[in-house]
file target_27.cif (mmCIF, C-alpha atoms and all ligand atoms)
data_work
loop_
_atom_site.label_atom_id
_atom_site.label_comp_id
_atom_site.auth_asym_id
_atom_site.auth_seq_id
_atom_site.Cartn_x
_atom_site.Cartn_y
_atom_site.Cartn_z
CA MET H 22 -109.09 57.18 -133.82
CA LYS H 23 -105.90 55.92 -135.52
CA HIS H 24 -106.14 54.25 -138.91
CA ILE H 25 -104.10 51.17 -139.88
CA VAL H 26 -104.10 50.54 -143.64
CA ILE H 27 -102.94 47.20 -145.04
CA LEU H 28 -102.16 46.98 -148.76
CA GLY H 29 -102.71 43.48 -150.17
CA THR H 30 -104.96 40.60 -149.16
CA GLY H 31 -102.47 37.86 -149.95
CA THR H 32 -101.32 35.52 -147.22
CA ALA H 33 -99.34 38.26 -145.45
CA GLY H 34 -102.02 40.96 -145.45
CA THR H 35 -104.81 38.56 -144.53
CA MET H 36 -102.88 37.05 -141.61
CA LEU H 37 -101.90 40.46 -140.31
CA ALA H 38 -105.46 41.82 -140.54
CA ASN H 39 -106.72 38.86 -138.49
CA HIS H 40 -103.91 39.10 -135.95
CA LEU H 41 -104.24 42.87 -135.46
CA PHE H 42 -108.01 42.64 -135.21
CA ARG H 43 -107.60 40.28 -132.25
CA VAL H 44 -104.89 42.18 -130.38
CA ILE H 45 -105.49 45.92 -130.91
CA ASP H 46 -107.71 48.17 -128.84
CA ARG H 47 -110.57 48.60 -131.34
CA THR H 48 -111.81 51.74 -129.63
CA ARG H 49 -108.53 53.37 -130.70
CA PHE H 50 -107.75 51.75 -134.05
CA ASP H 51 -109.62 51.19 -137.31
CA ILE H 52 -108.26 48.75 -139.88
CA THR H 53 -108.70 48.97 -143.65
CA ILE H 54 -107.36 46.41 -146.12
CA VAL H 55 -107.12 47.00 -149.88
CA ASP H 56 -106.63 44.67 -152.83
CA GLN H 57 -107.42 44.80 -156.52
CA TYR H 58 -108.95 41.32 -156.49
CA ALA H 59 -111.97 39.83 -154.70
CA ARG H 60 -110.47 36.35 -154.73
CA HIS H 61 -107.59 34.87 -152.76
CA TYR H 62 -105.28 32.32 -154.45
CA TYR H 63 -103.63 29.78 -152.16
CA GLN H 64 -100.37 29.68 -154.15
CA PRO H 65 -98.79 26.48 -152.72
CA GLY H 66 -101.93 24.69 -153.93
CA PHE H 67 -101.02 25.53 -157.55
CA LEU H 68 -98.50 22.67 -157.44
CA PHE H 69 -101.25 20.12 -156.88
CA ILE H 70 -103.57 21.23 -159.70
CA PRO H 71 -101.73 19.30 -162.48
CA PHE H 72 -102.03 16.11 -160.44
CA ALA H 73 -105.75 16.69 -159.70
CA THR H 74 -105.07 16.47 -155.96
CA TYR H 75 -106.64 19.94 -155.72
CA ARG H 76 -109.30 21.50 -157.94
CA GLU H 77 -109.72 25.22 -158.54
CA LYS H 78 -112.40 25.41 -155.84
CA ASP H 79 -109.88 24.17 -153.25
CA ILE H 80 -107.41 27.01 -153.78
CA VAL H 81 -109.45 29.99 -155.03
CA LYS H 82 -111.65 31.53 -152.35
CA ASN H 83 -113.61 34.73 -151.81
CA ILE H 84 -111.34 36.92 -149.72
CA LYS H 85 -114.30 38.22 -147.68
CA ASN H 86 -114.47 34.78 -146.00
CA PHE H 87 -111.09 35.46 -144.38
CA ILE H 88 -111.32 39.11 -143.37
CA PRO H 89 -113.05 39.98 -140.07
CA GLU H 90 -116.36 41.73 -140.74
CA LYS H 91 -115.35 44.87 -138.86
CA VAL H 92 -112.21 45.36 -140.92
CA ASN H 93 -112.99 47.73 -143.82
CA SER H 94 -112.27 45.91 -147.05
CA ILE H 95 -111.80 47.83 -150.30
CA GLN H 96 -111.47 46.19 -153.69
CA GLU H 97 -109.53 48.55 -155.97
CA LYS H 98 -106.13 48.84 -157.60
CA ILE H 99 -103.58 50.77 -155.56
CA GLU H 100 -102.10 53.50 -157.72
CA GLN H 101 -99.62 55.26 -155.46
CA ILE H 102 -98.41 55.60 -151.90
CA GLN H 103 -98.03 59.27 -151.01
CA PRO H 104 -95.88 59.18 -147.85
CA ALA H 105 -95.51 62.95 -147.54
CA ALA H 106 -99.29 63.18 -147.10
CA ASN H 107 -99.65 59.84 -145.22
CA GLN H 108 -102.14 58.65 -147.80
CA VAL H 109 -102.69 56.02 -150.47
CA LEU H 110 -104.20 56.88 -153.84
CA LEU H 111 -106.43 54.26 -155.47
CA LYS H 112 -107.12 53.91 -159.19
CA ASN H 113 -110.70 55.21 -158.79
CA GLY H 114 -109.31 58.45 -157.33
CA MET H 115 -110.16 57.60 -153.73
CA LYS H 116 -107.54 58.66 -151.16
CA ILE H 117 -107.10 56.73 -147.91
CA ALA H 118 -105.33 58.49 -145.06
CA TYR H 119 -103.30 56.32 -142.73
CA ASP H 120 -101.45 56.59 -139.43
CA ILE H 121 -99.78 53.19 -139.88
CA LEU H 122 -99.23 51.64 -143.32
CA VAL H 123 -98.49 47.96 -143.95
CA ILE H 124 -97.27 47.13 -147.46
CA ALA H 125 -98.09 43.47 -148.19
CA THR H 126 -98.36 43.64 -151.97
CA GLY H 127 -96.19 40.59 -152.58
CA CYS H 128 -93.10 40.31 -154.72
CA LYS H 129 -92.08 39.40 -158.25
CA THR H 130 -88.93 37.86 -159.65
CA ALA H 131 -86.40 40.22 -161.28
CA PRO H 132 -84.00 37.96 -163.23
CA HIS H 133 -82.53 40.95 -165.10
CA GLU H 134 -81.13 42.23 -161.80
CA ILE H 135 -78.94 39.13 -161.39
CA GLU H 136 -75.91 39.32 -163.65
CA GLY H 137 -75.93 36.63 -166.34
CA LEU H 138 -79.18 34.99 -165.28
CA ALA H 139 -81.52 36.40 -167.91
CA GLY H 140 -79.00 36.12 -170.78
CA LYS H 141 -78.16 33.12 -172.94
CA GLY H 142 -79.66 29.99 -171.44
CA TRP H 143 -82.62 31.74 -169.76
CA TYR H 144 -85.46 29.23 -169.75
CA ASP H 145 -83.13 26.77 -171.48
CA ASN H 146 -80.92 25.76 -168.58
CA ALA H 147 -81.62 28.63 -166.17
CA PHE H 148 -85.09 28.99 -164.67
CA ASP H 149 -87.03 30.83 -162.03
CA PHE H 150 -89.72 29.17 -159.90
C1 LIG U 1 -96.34 27.30 -156.72
C2 LIG U 1 -96.02 27.91 -155.39
C3 LIG U 1 -95.75 27.11 -154.28
C4 LIG U 1 -95.45 27.66 -153.05
N1 LIG U 1 -95.23 26.83 -151.97
C5 LIG U 1 -94.96 27.38 -150.75
C6 LIG U 1 -94.75 26.54 -149.60
O1 LIG U 1 -94.80 25.32 -149.68
N2 LIG U 1 -94.49 27.15 -148.41
C7 LIG U 1 -94.41 28.52 -148.29
O2 LIG U 1 -94.17 29.02 -147.19
N3 LIG U 1 -94.62 29.31 -149.36
C8 LIG U 1 -94.88 28.79 -150.57
N4 LIG U 1 -95.08 29.61 -151.66
C9 LIG U 1 -94.91 31.05 -151.48
C10 LIG U 1 -96.13 31.69 -150.84
O3 LIG U 1 -97.31 31.24 -151.46
C11 LIG U 1 -95.96 33.19 -151.02
O4 LIG U 1 -94.74 33.60 -150.43
C12 LIG U 1 -97.08 33.95 -150.37
O5 LIG U 1 -98.32 33.58 -150.92
C13 LIG U 1 -96.84 35.43 -150.56
O6 LIG U 1 -97.86 36.10 -149.88
P1 LIG U 1 -97.92 37.67 -149.90
O7 LIG U 1 -99.12 38.05 -149.09
O8 LIG U 1 -96.59 38.23 -149.49
O9 LIG U 1 -98.07 38.09 -151.41
P2 LIG U 1 -99.23 37.75 -152.46
O10 LIG U 1 -99.95 36.48 -152.14
O11 LIG U 1 -98.60 37.91 -153.80
O12 LIG U 1 -100.31 38.91 -152.21
C14 LIG U 1 -100.11 40.22 -152.63
C15 LIG U 1 -101.47 40.85 -152.84
O13 LIG U 1 -101.27 42.22 -153.13
C16 LIG U 1 -102.16 42.59 -154.16
N5 LIG U 1 -101.60 43.71 -154.90
C17 LIG U 1 -100.34 43.84 -155.39
N6 LIG U 1 -100.21 45.01 -156.03
C18 LIG U 1 -101.42 45.62 -155.94
C19 LIG U 1 -101.93 46.88 -156.43
N7 LIG U 1 -101.17 47.74 -157.12
N8 LIG U 1 -103.22 47.19 -156.17
C20 LIG U 1 -104.02 46.34 -155.46
N9 LIG U 1 -103.60 45.16 -154.98
C21 LIG U 1 -102.32 44.81 -155.23
C22 LIG U 1 -102.29 41.35 -155.05
O14 LIG U 1 -103.51 41.39 -155.79
C23 LIG U 1 -102.24 40.23 -154.03
O15 LIG U 1 -103.52 39.81 -153.61
C24 LIG U 1 -95.39 29.08 -152.90
C25 LIG U 1 -95.67 29.90 -154.02
C26 LIG U 1 -95.98 29.33 -155.24
C27 LIG U 1 -96.30 30.24 -156.42
#
call {"tool": "encode", "arguments": {"input": "target_27.cif", "output": "structure tokens", "more": "lines below"}}
Ligand SMILES: Cc1cc2nc3c(=O)[nH]c(=O)nc-3n(C[C@H](O)[C@H](O)[C@H](O)COP(=O)(O)OP(=O)(O)OC[C@H]3O[C@@H](n4cnc5c(N)ncnc54)[C@H](O)[C@@H]3O)c2cc1C
result
Amino acid sequence: MKHIVILGTGTAGTMLANHLFRVIDRTRFDITIVDQYARHYYQPGFLFIPFATYREKDIVKNIKNFIPEKVNSIQEKIEQIQPAANQVLLKNGMKIAYDILVIATGCKTAPHEIEGLAGKGWYDNAFDF
């Protein structure tokens, strides 16, 4: 049995878990998905909160509602990917061996990596989204 491990239950990880679950030969592949949080935040919905078009209940959902039951779901912080050993180390010490690893842990802005952006004027006349 081959093991597919997906890191992150954001939009990307959740969609991929559902897609793979439908298309793979499940007698040959197991899928595990890992995230530190039990809740999924529908980020585009954030924009509508200040206008009361959406309420918190519309955009914050239990992630288990979106992951197929036969996909193993683990709620824990990911500490380290150990590619030499084909394994992922979680904060609780658990190690998950993988054959195929999908990294879907999202992204963050890095204004300091763009020359001049984070200097004078940052959050005055230069902003991120
Ligand atoms: C206000 C707003 C409006 C937007 N509007 C649009 C739009 O109109 N159209 C559009 O296409 N996109 C829009 N986006 C962008 C879109 O929401 C994001 O691109 C998308 O949600 C990213 O999904 P993701 O799965 O890549 O990452 P994320 O949703 O960030 O998911 C990453 C997951 O990885 C987990 N994770 C990360 N590190 C660890 C760790 N060490 N241990 C355990 N878990 C970890 C996180 O907990 C998280 O659940 C908008 C975003 C915002 C904020």
call {"tool": "residues_around", "arguments": {"input": "target_27.cif", "residues": "Asp79 in chain H", "least_positions_apart": "4", "cutoff": "12 Å", "atoms": "only C-alpha atoms", "output": "PyMOL selection string"}}
result
chain H and resi 61-67+69-70+73-75+83
call {"tool": "closest_residue", "arguments": {"input": "target_27.cif", "among": "H:Thr48, H:Asn107, H:Gln57, H:Gln101", "to": "ligand LIG 1 (chain U)", "atoms": "all atoms listed in the file"}}
result
H:Gln57
call {"tool": "atom_distance", "arguments": {"input": "target_27.cif", "atom1": "CA of Ala59 in chain H", "atom2": "atom O6 of ligand LIG 1 (chain U)"}}
result
15.4 Å
call {"tool": "atom_distance", "arguments": {"input": "target_27.cif", "atom1": "atom C16 of ligand LIG 1 (chain U)", "atom2": "CA of Gly140 in chain H"}}
result
29.2 Å
call {"tool": "residues_near_ligand", "arguments": {"input": "target_27.cif", "ligand": "ligand LIG 1 (chain U)", "cutoff": "6 Å", "atoms": "all atoms listed in the file", "output": "number ranges by chain"}}
result
H: 29-34, 56-58, 64-65, 67-68, 97-100, 125-127
call {"tool": "closest_residue", "arguments": {"input": "target_27.cif", "among": "H:Ala147, H:Lys112, H:Met36, H:Asp51", "to": "Ile84 in chain H", "atoms": "only C-alpha atoms"}}
result
H:Met36
call {"tool": "closest_residue", "arguments": {"input": "target_27.cif", "among": "H:Lys91, H:Thr130, H:Val55, H:Asp46", "to": "Val109 in chain H", "atoms": "all atoms listed in the file"}}
result
H:Val55
call {"tool": "closest_residue", "arguments": {"input": "target_27.cif", "among": "H:Ile52, H:Ile45, H:Ala139, H:Ala38", "to": "Asn93 in chain H", "atoms": "all atoms listed in the file"}}
result
H:Ile52
call {"tool": "atom_distance", "arguments": {"input": "target_27.cif", "atom1": "CA of Ile102 in chain H", "atom2": "CA of Met22 in chain H"}}
result
21.1 Å
call {"tool": "residues_around", "arguments": {"input": "target_27.cif", "residues": "Val26 in chain H", "least_positions_apart": "6", "cutoff": "9 Å", "atoms": "all atoms listed in the file", "output": "list in words"}}
result
Asp51, Ile52, Thr53, Ile54, Val55, Val109, Ile117, Ala118, Tyr119, Asp120, Ile121, Leu122, Val123 and Ile124 of chain H
call {"tool": "closest_residue", "arguments": {"input": "target_27.cif", "among": "H:Val44, H:Thr35, H:Phe150, H:Glu134", "to": "Lys85 in chain H", "atoms": "all atoms listed in the file"}}
result
H:Thr35
call {"tool": "decode", "arguments": {"input": "target_27.cif", "residues": "range 72-108 of chain H", "atoms": "N, CA and C atoms", "output": "CSV table (one decimal), in the first residue's frame"}}
result
chain,number,residue,atom,x,y,z
H,72,PHE,N,-19.6,44.0,6.2
H,72,PHE,CA,-20.9,44.5,5.6
H,72,PHE,C,-22.1,43.6,6.1
H,73,ALA,N,-21.8,42.6,6.9
H,73,ALA,CA,-22.8,41.8,7.5
H,73,ALA,C,-23.6,40.9,6.4
H,74,THR,N,-22.9,40.8,5.2
H,74,THR,CA,-23.5,39.9,4.2
H,74,THR,C,-23.3,38.5,4.6
H,75,TYR,N,-22.1,38.2,5.2
H,75,TYR,CA,-21.8,36.9,5.8
H,75,TYR,C,-21.6,37.1,7.3
H,76,ARG,N,-22.0,36.0,8.1
H,76,ARG,CA,-21.7,36.0,9.5
H,76,ARG,C,-20.6,34.9,9.7
H,77,GLU,N,-20.0,34.9,10.9
H,77,GLU,CA,-19.0,33.9,11.1
H,77,GLU,C,-19.4,32.5,10.7
H,78,LYS,N,-20.6,32.1,11.1
H,78,LYS,CA,-21.1,30.7,10.8
H,78,LYS,C,-21.1,30.4,9.3
H,79,ASP,N,-21.1,31.4,8.4
H,79,ASP,CA,-21.1,31.2,7.0
H,79,ASP,C,-19.7,30.8,6.4
H,80,ILE,N,-18.7,31.3,7.1
H,80,ILE,CA,-17.3,31.1,6.6
H,80,ILE,C,-16.4,30.2,7.4
H,81,VAL,N,-16.8,29.9,8.7
H,81,VAL,CA,-16.0,29.0,9.5
H,81,VAL,C,-16.7,27.7,9.7
H,82,LYS,N,-16.1,26.7,9.2
H,82,LYS,CA,-16.8,25.3,9.2
H,82,LYS,C,-15.8,24.3,9.8
H,83,ASN,N,-16.4,23.2,10.3
H,83,ASN,CA,-15.6,22.1,10.8
H,83,ASN,C,-15.0,21.4,9.5
H,84,ILE,N,-13.7,21.2,9.5
H,84,ILE,CA,-13.1,20.7,8.4
H,84,ILE,C,-13.5,19.2,8.1
H,85,LYS,N,-13.9,18.5,9.1
H,85,LYS,CA,-14.3,17.1,8.9
H,85,LYS,C,-15.5,17.0,8.0
H,86,ASN,N,-16.3,18.1,7.9
H,86,ASN,CA,-17.5,18.0,6.9
H,86,ASN,C,-17.0,18.0,5.5
H,87,PHE,N,-15.8,18.3,5.2
H,87,PHE,CA,-15.3,18.4,3.8
H,87,PHE,C,-14.3,17.3,3.4
H,88,ILE,N,-13.9,16.5,4.4
H,88,ILE,CA,-12.9,15.5,4.1
H,88,ILE,C,-13.6,14.1,4.0
H,89,PRO,N,-13.4,13.3,3.0
H,89,PRO,CA,-14.0,12.0,2.9
H,89,PRO,C,-13.7,11.2,4.1
H,90,GLU,N,-14.7,10.4,4.6
H,90,GLU,CA,-14.5,9.7,5.8
H,90,GLU,C,-13.3,8.7,5.8
H,91,LYS,N,-13.1,8.2,4.6
H,91,LYS,CA,-12.0,7.2,4.6
H,91,LYS,C,-10.6,7.8,4.4
H,92,VAL,N,-10.5,9.1,4.3
H,92,VAL,CA,-9.2,9.8,4.3
H,92,VAL,C,-8.9,10.0,5.8
H,93,ASN,N,-7.6,9.6,6.2
H,93,ASN,CA,-7.2,9.8,7.6
H,93,ASN,C,-6.9,11.2,7.8
H,94,SER,N,-7.6,11.8,8.9
H,94,SER,CA,-7.4,13.2,9.1
H,94,SER,C,-6.7,13.3,10.5
H,95,ILE,N,-5.6,14.1,10.5
H,95,ILE,CA,-4.9,14.3,11.8
H,95,ILE,C,-4.8,15.8,12.1
H,96,GLN,N,-5.2,16.1,13.3
H,96,GLN,CA,-5.1,17.5,13.7
H,96,GLN,C,-3.9,17.7,14.6
H,97,GLU,N,-2.9,18.3,14.1
H,97,GLU,CA,-1.6,18.5,14.8
H,97,GLU,C,-0.7,19.5,14.0
H,98,LYS,N,0.1,20.2,14.7
H,98,LYS,CA,1.0,21.1,14.1
H,98,LYS,C,2.1,20.3,13.4
H,99,ILE,N,2.4,20.7,12.2
H,99,ILE,CA,3.5,20.0,11.4
H,99,ILE,C,4.8,20.7,11.9
H,100,GLU,N,5.8,19.9,12.3
H,100,GLU,CA,7.0,20.5,12.8
H,100,GLU,C,8.1,20.5,11.7
H,101,GLN,N,8.2,19.4,11.0
H,101,GLN,CA,9.3,19.3,10.1
H,101,GLN,C,9.0,18.3,9.0
H,102,ILE,N,9.5,18.6,7.8
H,102,ILE,CA,9.5,17.6,6.7
H,102,ILE,C,10.9,17.0,6.7
H,103,GLN,N,11.0,15.7,6.7
H,103,GLN,CA,12.3,15.0,6.7
H,103,GLN,C,12.4,14.2,5.4
H,104,PRO,N,12.8,14.9,4.3
H,104,PRO,CA,12.8,14.3,3.0
H,104,PRO,C,13.7,13.1,2.9
H,105,ALA,N,14.8,13.1,3.6
H,105,ALA,CA,15.8,12.0,3.5
H,105,ALA,C,15.2,10.7,4.0
H,106,ALA,N,14.3,10.8,4.9
H,106,ALA,CA,13.6,9.6,5.5
H,106,ALA,C,12.2,9.5,5.0
H,107,ASN,N,11.8,10.3,4.0
H,107,ASN,CA,10.4,10.3,3.5
H,107,ASN,C,9.4,10.3,4.6
H,108,GLN,N,9.5,11.2,5.6
H,108,GLN,CA,8.6,11.3,6.7
H,108,GLN,C,8.4,12.7,7.1
